[in-house]
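Trainee: File name coords31.txt; file contents compact mmCIF, C-alpha atoms and all ligand atoms; full text below.
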# COMPACT_ATOMS: atom_id res chain seq x y z
CA MET A 25 28.11 69.71 58.63
CA LYS A 26 28.01 71.12 62.16
CA SER A 27 29.53 74.49 63.08
CA SER A 28 31.65 72.60 65.62
CA ASP A 29 33.10 70.35 62.92
CA PRO A 30 36.91 70.53 62.73
CA VAL A 31 38.74 71.98 59.74
CA ILE A 32 41.07 69.10 58.88
CA LEU A 33 44.23 69.35 56.80
CA ALA A 34 45.00 65.78 55.72
CA ILE A 35 48.22 64.55 54.13
CA GLU A 36 48.96 61.27 52.34
CA SER A 37 52.50 60.24 51.33
CA SER A 38 52.69 56.47 51.85
CA CYS A 39 53.64 55.48 48.29
CA ASP A 40 53.83 57.43 45.03
CA GLU A 41 51.05 59.98 45.45
CA THR A 42 51.65 63.21 47.36
CA SER A 43 48.21 64.35 48.38
CA ALA A 44 46.69 67.00 50.63
CA ALA A 45 43.04 67.69 51.38
CA ILE A 46 40.94 70.05 53.42
CA LEU A 47 37.78 68.67 55.00
CA ILE A 48 35.26 70.29 57.29
CA GLY A 49 34.01 67.32 59.26
CA THR A 50 33.74 64.70 56.53
CA VAL A 51 32.91 67.21 53.78
CA VAL A 52 35.78 67.52 51.34
CA LYS A 53 36.64 71.09 50.33
CA SER A 54 39.74 70.25 48.30
CA ASN A 55 41.68 67.10 47.46
CA ILE A 56 44.94 67.65 45.57
CA ILE A 57 46.83 64.63 44.27
CA ALA A 58 50.31 64.85 42.71
CA THR A 59 51.04 61.50 41.09
CA GLN A 60 54.77 60.89 40.73
CA LYS A 61 55.51 60.20 37.07
CA ILE A 62 59.19 59.45 37.73
CA HIS A 63 58.44 55.76 38.47
CA GLU A 64 56.91 55.02 35.06
CA LYS A 65 60.23 54.44 33.34
CA TYR A 66 61.30 51.96 36.05
CA GLY A 67 58.11 49.89 35.82
CA GLY A 68 57.44 50.24 39.55
CA VAL A 69 57.86 52.55 42.53
CA VAL A 70 61.51 53.30 43.40
CA PRO A 71 61.38 54.10 47.16
CA GLU A 72 64.24 56.62 47.26
CA LEU A 73 62.85 58.53 44.27
CA ALA A 74 59.41 58.52 45.90
CA SER A 75 60.81 60.14 49.08
CA ARG A 76 62.58 62.82 47.08
CA ALA A 77 59.49 63.58 45.01
CA HIS A 78 57.37 63.86 48.19
CA GLN A 79 59.90 66.38 49.53
CA GLN A 80 59.49 68.46 46.37
CA ASN A 81 55.71 68.15 46.19
CA ILE A 82 54.53 68.46 49.74
CA VAL A 83 54.68 72.24 50.21
CA PRO A 84 52.99 73.22 46.91
CA VAL A 85 50.39 70.45 47.25
CA VAL A 86 49.42 71.59 50.78
CA GLN A 87 49.36 75.24 49.68
CA GLN A 88 47.08 74.36 46.77
CA ALA A 89 44.74 72.36 49.02
CA ILE A 90 44.46 75.32 51.40
CA SER A 91 43.86 77.88 48.66
CA GLU A 92 41.34 75.74 46.71
CA ALA A 93 39.37 75.23 49.92
CA GLY A 94 39.18 79.02 50.30
CA ILE A 95 40.68 79.03 53.79
CA THR A 96 43.93 80.15 55.39
CA ALA A 97 46.37 78.04 57.42
CA GLN A 98 45.06 79.75 60.57
CA ASP A 99 41.61 78.20 59.99
CA ILE A 100 43.01 74.65 60.32
CA SER A 101 41.98 72.97 63.58
CA VAL A 102 43.75 69.62 63.18
CA VAL A 103 46.56 68.18 61.02
CA ALA A 104 46.12 64.55 59.94
CA CYS A 105 48.60 62.31 58.15
CA THR A 106 49.14 58.70 57.11
CA GLN A 107 51.26 56.90 59.72
CA GLY A 108 51.50 53.62 57.75
CA PRO A 109 51.61 51.09 56.24
CA GLY A 110 53.80 52.23 53.36
CA LEU A 111 57.33 53.05 52.27
CA MET A 112 59.30 54.29 55.28
CA GLY A 113 61.10 57.15 53.54
CA ALA A 114 57.87 58.30 51.89
CA LEU A 115 55.92 58.16 55.17
CA GLN A 116 58.67 60.09 56.96
CA VAL A 117 58.19 63.08 54.65
CA GLY A 118 54.45 63.37 55.38
CA VAL A 119 54.71 62.61 59.09
CA SER A 120 57.63 65.00 59.75
CA TYR A 121 55.96 67.78 57.78
CA SER A 122 52.64 67.23 59.60
CA LYS A 123 54.30 67.27 63.02
CA SER A 124 56.07 70.55 62.22
CA LEU A 125 52.89 72.13 60.92
CA SER A 126 50.81 71.02 63.90
CA MET A 127 53.45 72.53 66.21
CA ALA A 128 53.67 75.75 64.22
CA LEU A 129 49.88 76.18 64.17
CA GLY A 130 49.43 74.95 67.74
CA VAL A 131 46.80 72.36 66.69
CA PRO A 132 46.50 68.63 67.41
CA LEU A 133 48.04 65.93 65.24
CA ILE A 134 46.19 62.76 64.18
CA LEU A 135 48.17 59.97 62.53
CA VAL A 136 45.99 57.45 60.71
CA ASN A 137 46.14 53.98 59.23
CA HIS A 138 46.17 54.01 55.42
CA MET A 139 44.19 50.75 55.04
CA GLN A 140 41.52 51.89 57.50
CA SER A 141 41.31 55.06 55.42
CA HIS A 142 40.67 53.17 52.17
CA VAL A 143 37.61 51.62 53.88
CA LEU A 144 36.48 54.97 55.31
CA ALA A 145 36.68 56.60 51.87
CA HIS A 146 33.00 55.60 51.79
CA PHE A 147 32.30 58.24 54.43
CA ILE A 148 33.75 61.20 52.54
CA SER A 149 30.96 63.61 51.65
CA ARG A 150 31.12 65.85 48.64
CA GLU A 151 29.87 69.38 49.03
CA GLY A 152 26.13 69.74 48.48
CA GLU A 153 25.69 65.96 48.69
CA GLU A 154 25.93 65.66 52.48
CA LYS A 155 22.23 65.00 53.02
CA ASP A 156 21.47 62.41 50.35
CA TYR A 157 24.86 60.74 50.35
CA LYS A 158 24.11 57.15 51.35
CA LYS A 159 26.73 55.51 53.52
CA PRO A 160 27.25 51.89 54.53
CA GLU A 161 25.61 50.85 57.78
CA PHE A 162 27.70 49.00 60.36
CA PRO A 163 28.62 46.22 60.43
CA PHE A 164 29.53 45.76 56.78
CA LEU A 165 32.02 43.70 54.81
CA CYS A 166 34.62 45.49 52.69
CA LEU A 167 36.88 44.12 49.97
CA THR A 168 39.97 46.33 50.04
CA VAL A 169 42.17 45.82 47.00
CA SER A 170 45.24 47.99 46.55
CA GLY A 171 48.80 47.87 45.28
CA GLY A 172 50.13 46.53 48.55
CA HIS A 173 47.15 44.80 50.21
CA THR A 174 44.20 42.54 49.51
CA GLN A 175 41.90 42.31 52.50
CA ILE A 176 38.41 41.19 53.37
CA VAL A 177 37.50 43.45 56.29
CA LEU A 178 34.64 43.15 58.75
CA VAL A 179 33.88 46.77 59.60
CA ASN A 180 32.10 47.07 62.94
CA SER A 181 32.53 50.83 63.32
CA PRO A 182 34.84 53.49 61.83
CA THR A 183 37.48 52.58 64.40
CA GLU A 184 36.83 48.86 64.88
CA MET A 185 37.78 46.71 61.93
CA LYS A 186 38.90 43.12 61.65
CA VAL A 187 40.76 41.59 58.70
CA VAL A 188 39.02 38.25 58.12
CA GLY A 189 40.85 37.36 54.91
CA SER A 190 44.02 38.51 53.16
CA THR A 191 46.67 37.54 50.64
CA ILE A 192 49.57 35.29 51.57
CA ASP A 193 51.84 36.83 48.92
CA ASP A 194 51.22 39.46 46.23
CA ALA A 195 48.33 41.91 46.37
CA ALA A 196 45.70 42.14 43.61
CA GLY A 197 47.24 45.43 42.44
CA GLU A 198 50.63 43.74 42.15
CA ALA A 199 49.05 41.04 40.02
CA PHE A 200 48.01 43.80 37.60
CA ASP A 201 51.29 45.72 37.84
CA LYS A 202 53.54 42.67 37.39
CA ALA A 203 51.46 41.42 34.46
CA SER A 204 51.76 44.77 32.74
CA LYS A 205 55.54 44.52 33.04
CA VAL A 206 55.45 41.04 31.43
CA LEU A 207 53.28 42.48 28.64
CA GLY A 208 55.53 45.52 28.13
CA LEU A 209 52.87 48.01 29.29
CA GLU A 210 53.44 51.15 31.34
CA TYR A 211 53.35 51.38 35.15
CA PRO A 212 50.92 51.32 36.91
CA GLY A 213 49.49 48.32 35.11
CA GLY A 214 45.96 48.25 36.51
CA PRO A 215 44.56 51.19 34.53
CA GLN A 216 46.32 49.99 31.32
CA ILE A 217 45.00 46.44 31.59
CA ASP A 218 41.53 47.75 32.44
CA ARG A 219 41.51 50.00 29.35
CA ILE A 220 42.94 47.42 26.93
CA SER A 221 40.57 44.71 28.22
CA GLN A 222 37.51 46.70 27.08
CA LYS A 223 37.94 45.37 23.53
CA GLY A 224 39.13 41.88 24.50
CA ASN A 225 37.60 38.42 24.69
CA ALA A 226 37.81 37.35 28.33
CA THR A 227 37.30 33.66 27.56
CA ARG A 228 40.08 33.35 24.97
CA PHE A 229 42.88 32.35 27.38
CA SER A 230 42.41 30.40 30.55
CA PHE A 231 44.33 31.03 33.74
CA THR A 232 43.87 28.67 36.65
CA ILE A 233 42.09 30.22 39.61
CA PRO A 234 44.46 29.79 42.58
CA VAL A 235 43.43 27.33 45.29
CA THR A 236 43.94 28.84 48.75
CA PRO A 237 42.47 28.05 52.17
CA GLU A 238 39.13 29.63 53.17
CA LEU A 239 39.26 33.43 52.90
CA SER A 240 42.90 33.77 51.91
CA TYR A 241 44.27 34.84 48.54
CA SER A 242 47.46 34.20 46.59
CA PHE A 243 48.30 36.12 43.42
CA SER A 244 51.93 35.27 42.73
CA GLY A 245 51.11 32.08 40.77
CA LEU A 246 48.75 33.93 38.46
CA LYS A 247 51.48 36.27 37.29
CA THR A 248 53.79 33.28 36.76
CA SER A 249 51.20 31.49 34.61
CA LEU A 250 50.96 34.61 32.45
CA LEU A 251 54.74 34.69 32.21
CA TYR A 252 54.80 31.04 31.02
CA LEU A 253 51.99 31.60 28.51
CA VAL A 254 53.86 34.55 27.00
CA ARG A 255 57.20 32.69 27.00
CA ASP A 256 55.75 29.53 25.33
CA GLU A 257 53.61 31.34 22.75
CA LYS A 258 56.41 33.72 21.78
CA LEU A 259 58.51 30.73 20.75
CA LYS A 260 55.83 29.93 18.16
CA ASN A 261 55.01 33.54 17.27
CA PRO A 262 57.30 36.41 18.33
CA LEU A 263 54.39 38.84 17.86
CA PHE A 264 52.08 36.85 20.15
CA VAL A 265 51.72 39.64 22.75
CA GLU A 266 51.20 42.46 20.24
CA GLU A 267 48.66 40.48 18.21
CA ASN A 268 46.66 39.24 21.21
CA ILE A 269 47.10 41.95 23.83
CA GLU A 270 43.37 42.71 24.19
CA ASP A 271 42.35 39.09 24.75
CA ILE A 272 45.30 38.40 27.07
CA CYS A 273 44.44 41.42 29.24
CA ALA A 274 40.70 40.66 29.30
CA SER A 275 41.27 36.99 30.20
CA TYR A 276 43.81 37.79 32.90
CA GLN A 277 41.68 40.58 34.40
CA ALA A 278 38.57 38.37 34.42
CA THR A 279 40.49 35.67 36.33
CA ILE A 280 41.60 38.15 39.02
CA VAL A 281 38.06 39.50 39.40
CA LYS A 282 36.51 36.02 39.50
CA TYR A 283 38.97 34.92 42.19
CA LEU A 284 38.50 38.10 44.27
CA LEU A 285 34.74 37.67 44.24
CA LYS A 286 34.77 33.90 44.77
CA LYS A 287 36.43 34.40 48.16
CA PHE A 288 34.42 37.51 48.96
CA ASN A 289 31.25 35.53 48.29
CA LEU A 290 32.38 32.96 50.86
CA ALA A 291 32.86 35.81 53.33
CA ILE A 292 29.34 37.11 52.61
CA GLU A 293 27.95 33.65 53.33
CA LYS A 294 29.95 33.40 56.53
CA TYR A 295 29.25 36.88 57.96
CA GLN A 296 25.82 37.60 56.38
CA PRO A 297 26.33 41.41 56.16
CA LYS A 298 23.51 43.74 55.07
CA SER A 299 25.98 45.91 53.14
CA ILE A 300 29.15 45.24 51.20
CA ALA A 301 31.75 47.74 50.04
CA LEU A 302 34.69 47.88 47.68
CA ALA A 303 37.83 49.97 48.38
CA GLY A 304 41.45 50.61 47.31
CA GLY A 305 43.14 51.41 44.01
CA VAL A 306 42.01 48.23 42.24
CA SER A 307 38.38 49.19 43.01
CA ALA A 308 38.79 51.64 40.11
CA ASN A 309 38.71 48.58 37.85
CA SER A 310 35.62 48.72 35.63
CA HIS A 311 35.13 44.93 35.41
CA LEU A 312 35.48 44.51 39.18
CA ARG A 313 33.01 47.35 39.82
CA TYR A 314 30.49 45.75 37.45
CA GLU A 315 30.84 42.23 38.85
CA PHE A 316 30.83 43.47 42.47
CA GLU A 317 27.51 45.19 41.95
CA LYS A 318 26.15 42.07 40.24
CA LEU A 319 27.21 39.96 43.21
CA GLY A 320 25.54 42.42 45.59
CA ASN A 321 22.28 42.19 43.63
CA GLU A 322 22.42 38.39 43.56
CA LYS A 323 22.99 38.31 47.31
CA GLY A 324 20.34 40.95 48.07
CA VAL A 325 22.80 43.17 49.96
CA THR A 326 23.34 46.91 49.58
CA CYS A 327 26.43 47.54 47.55
CA PHE A 328 28.84 50.48 47.97
CA ILE A 329 31.36 51.28 45.26
CA PRO A 330 33.49 54.40 45.83
CA PRO A 331 33.64 57.29 43.34
CA ILE A 332 36.74 56.77 41.16
CA GLU A 333 38.52 59.80 42.69
CA PHE A 334 38.48 58.13 46.13
CA THR A 335 39.67 54.67 45.01
CA THR A 336 43.40 55.26 44.51
CA ASP A 337 45.50 57.01 47.16
CA ASN A 338 44.13 60.39 48.21
CA ALA A 339 44.26 62.59 51.27
CA ALA A 340 40.47 63.03 51.53
CA MET A 341 40.18 59.48 52.87
CA ILE A 342 42.89 60.29 55.46
CA GLY A 343 40.87 63.32 56.51
CA ALA A 344 37.63 61.31 56.85
CA THR A 345 39.43 58.82 59.10
CA ALA A 346 40.90 61.65 61.17
CA TYR A 347 37.38 63.02 61.66
CA PHE A 348 36.25 59.82 63.39
CA LEU A 349 39.38 59.76 65.57
CA PHE A 350 38.89 63.46 66.40
CA GLU A 351 35.31 62.72 67.50
CA LYS A 352 36.68 60.07 69.86
CA GLY A 353 39.46 62.36 71.11
CA GLN A 354 42.15 60.04 69.77
CA PHE A 355 45.09 62.32 69.09
CA SER A 356 48.72 61.44 68.34
CA GLU A 357 51.92 62.43 70.10
CA LEU A 358 54.83 64.20 68.42
CA SER A 359 56.91 61.18 69.41
CA ASP A 360 54.71 58.75 67.42
CA PRO A 361 56.78 57.38 64.52
CA PRO A 362 55.77 56.49 60.95
CA LEU A 363 55.29 52.72 60.65
CA ALA A 364 56.07 50.81 57.44
CA ARG A 365 53.96 47.93 58.76
CA LEU A 366 50.72 48.67 60.54
CA SER A 367 47.64 46.47 60.84
CA ILE A 368 44.08 47.69 61.27
CA ASP A 369 43.12 45.25 63.99
O1 LIG B 1 45.33 52.11 46.71
P1 LIG B 1 46.40 52.41 45.75
O2 LIG B 1 46.34 53.73 45.04
O3 LIG B 1 47.81 52.36 46.44
C1 LIG B 1 48.12 51.46 47.45
O4 LIG B 1 47.70 51.69 48.60
O5 LIG B 1 48.78 50.45 47.09
O6 LIG B 1 46.43 51.23 44.70
C2 LIG B 1 47.30 51.24 43.61
C3 LIG B 1 47.02 50.01 42.78
C4 LIG B 1 48.05 49.77 41.68
O7 LIG B 1 48.48 48.43 41.77
C5 LIG B 1 47.26 50.02 40.40
O8 LIG B 1 47.70 49.24 39.30
C6 LIG B 1 45.87 49.62 40.83
O9 LIG B 1 45.75 50.12 42.14
N1 LIG B 1 44.82 50.19 39.97
C7 LIG B 1 44.01 49.45 39.17
C8 LIG B 1 43.21 50.35 38.45
N2 LIG B 1 43.54 51.63 38.85
C9 LIG B 1 44.53 51.50 39.77
N3 LIG B 1 43.92 48.11 39.02
C10 LIG B 1 43.03 47.65 38.13
N4 LIG B 1 42.23 48.45 37.38
C11 LIG B 1 42.29 49.80 37.51
N5 LIG B 1 41.48 50.58 36.77
ZN ZN B 2 46.41 52.88 49.12
Could you show the structure in this file as structure tokens?
Ligand code: KG4
Ligand code: ZN

Mentor:
Amino acid sequence: MKSSDPVILAIESSCDETSAAILIGTVVKSNIIATQKIHEKYGGVVPELASRAHQQNIVPVVQQAISEAGITAQDISVVACTQGPGLMGALQVGVSYSKSLSMALGVPLILVNHMQSHVLAHFISREGEEKDYKKPEFPFLCLTVSGGHTQIVLVNSPTEMKVVGSTIDDAAGEAFDKASKVLGLEYPGGPQIDRISQKGNATRFSFTIPVTPELSYSFSGLKTSLLYLVRDEKLKNPLFVEENIEDICASYQATIVKYLLKKFNLAIEKYQPKSIALAGGVSANSHLRYEFEKLGNEKGVTCFIPPIEFTTDNAAMIGATAYFLFEKGQFSELSDPPLARLSID
């Protein structure tokens, strides 16, 4: 941490987490995350309800981030916020609030790309760990797996990234979330399936690994094959799901992880990186984390797996991204709009 490092207030509101963080440089001082529970009963994020909940949460979440960091609003030197991709109404809350605050405080505004931020979560430093915190060296290859995206990213620098592989339909997170709906589990499905799988036999049921060109993914067929399995087996035994939930979850999860890493392995062979990294909400998955590290060891590459708190949506990763943009003098204009669709290359 340098004395010239900016005090960054970062805000994330692209989906169903309202989050605010204070960073000095890349060192996180506070990272408050309000997860919106309202969506649970609908089995997925309801955009209008997400916008309303962001409106309710944003002021107290920012106030808590400022007070937990032990600073005052006057100490803030830059306001950063997610510009996109995400739900338009949800993004609008964060972006409008950030613009107003940057005007009121007379400090610059930096709007950042959410997917770039998931990758740069690897550069967040925790207090006291700044010196020995090992970070990926450029260029590296990142597997970003979230609720809305599945991307293999060639990361040349914090601000130069290229998506070299992505999904043609559902994201890996959706494959978890939609499966949990089929199985009658709560939203979001990823953490439930992860937990239930711990006691399951992953070889009990077989799901066909999708066949897709080169470095592309497709997850919609996987969910459908689960749907058909459940439909057919329930005709024979109405309690099929209840009696076999652990094995179903473990088998389904193992298929997703195998498929994710099969393609990522092809990317490693193609790009020969020295380091590989995992990012996004699905990188919280215990089986994926285990298998990713195993793959790294087999390939002889240095493997970076984010701390759990920086896998799912959080404002600290937005702040870390803003730091790199700040260093390059890349500020935003008050006229810059939120963008529901935004690529990183
Ligand atoms: O990155 P994220 O918080 O939001 C987006 O940018 O989309 O990712 C959310 C996704 C959800 O689909 C959720 O089910 C999944 O991450 N997820 C998990 C786990 N924890 C969260 N998927 C599998 N295993 C987990 N432990
Ligand atoms: Zn995300």

Trainee: Distance cut-off 12 Å, centre (42.5, 54.1, 36.7) in file coordinates, counting only C-alpha atoms: which residues qualify? Return them as JSON, numbers by chain.

Mentor: {"A": [170, 197, 200, 211, 212, 213, 214, 215, 216, 217, 218, 219, 220, 304, 305, 306, 307, 308, 309, 310, 311, 331, 332, 333, 334, 335, 336, 337]}

Trainee: Report, in Å to a single decimal, how far apart CA of Ile292 in chain A and CA of Gly343 in chain A are.

Mentor: 28.9 Å

Trainee: Residues near Tyr347 in chain A, anyone? I mean within 8 Å using all atoms listed in the file, not counting same-chain ones fewer than 3 positions away, as a PyMOL selection string.

Mentor: chain A and resi 30+32+49-50+343-344+350-351

Trainee: Which value, in Å to one decimal, gives the distance between CA of Lys223 in chain A and CA of Gly245 in chain A?

Mentor: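 Going from CA of Lys223 in chain A over to CA of Gly245 in chain A covers 25.4 Å.
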
Trainee: Taking only C-alpha atoms into account, which of A:Gln175, A:Ser299, A:Ser124, A:Ser75 comes nearest Leu111 in chain A?

Mentor: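 The closest residue to Leu111 in chain A is A:Ser75.
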
Trainee: Residues of chain A within 10 Å of ligand ZN 2 (chain B): nearest atom pair and distance (Å, one decimal) for each, counting all atoms listed in the file, sorted by chain and number, as a Markdown table?

Mentor:
| residue | atom | partner | partner_atom | distance |
| --- | --- | --- | --- | --- |
| A:Glu36 | CA | B:ZN2 | ZN | 9.3 |
| A:Ser37 | CA | B:ZN2 | ZN | 9.8 |
| A:Ser38 | CA | B:ZN2 | ZN | 7.7 |
| A:Cys39 | CA | B:ZN2 | ZN | 7.7 |
| A:Asp40 | CA | B:ZN2 | ZN | 9.6 |
| A:Glu41 | CA | B:ZN2 | ZN | 9.2 |
| A:Pro109 | CA | B:ZN2 | ZN | 9.0 |
| A:Gly110 | CA | B:ZN2 | ZN | 8.5 |
| A:His138 | CA | B:ZN2 | ZN | 6.4 |
| A:Met139 | CA | B:ZN2 | ZN | 6.7 |
| A:Gln140 | CA | B:ZN2 | ZN | 9.8 |
| A:Ser141 | CA | B:ZN2 | ZN | 8.4 |
| A:His142 | CA | B:ZN2 | ZN | 6.5 |
| A:Thr168 | CA | B:ZN2 | ZN | 9.2 |
| A:Val169 | CA | B:ZN2 | ZN | 8.5 |
| A:Ser170 | CA | B:ZN2 | ZN | 5.6 |
| A:Gly171 | CA | B:ZN2 | ZN | 6.7 |
| A:Gly172 | CA | B:ZN2 | ZN | 7.4 |
| A:His173 | CA | B:ZN2 | ZN | 8.2 |
| A:Ala303 | CA | B:ZN2 | ZN | 9.1 |
| A:Gly304 | CA | B:ZN2 | ZN | 5.7 |
| A:Gly305 | CA | B:ZN2 | ZN | 6.2 |
| A:Val306 | CA | B:ZN2 | ZN | 9.4 |
| A:Phe334 | CA | B:ZN2 | ZN | 10.0 |
| A:Thr335 | CA | B:ZN2 | ZN | 8.1 |
| A:Thr336 | CA | B:ZN2 | ZN | 6.0 |
| A:Asp337 | CA | B:ZN2 | ZN | 4.7 |
| A:Asn338 | CA | B:ZN2 | ZN | 7.9 |
| A:Met341 | CA | B:ZN2 | ZN | 9.8 |
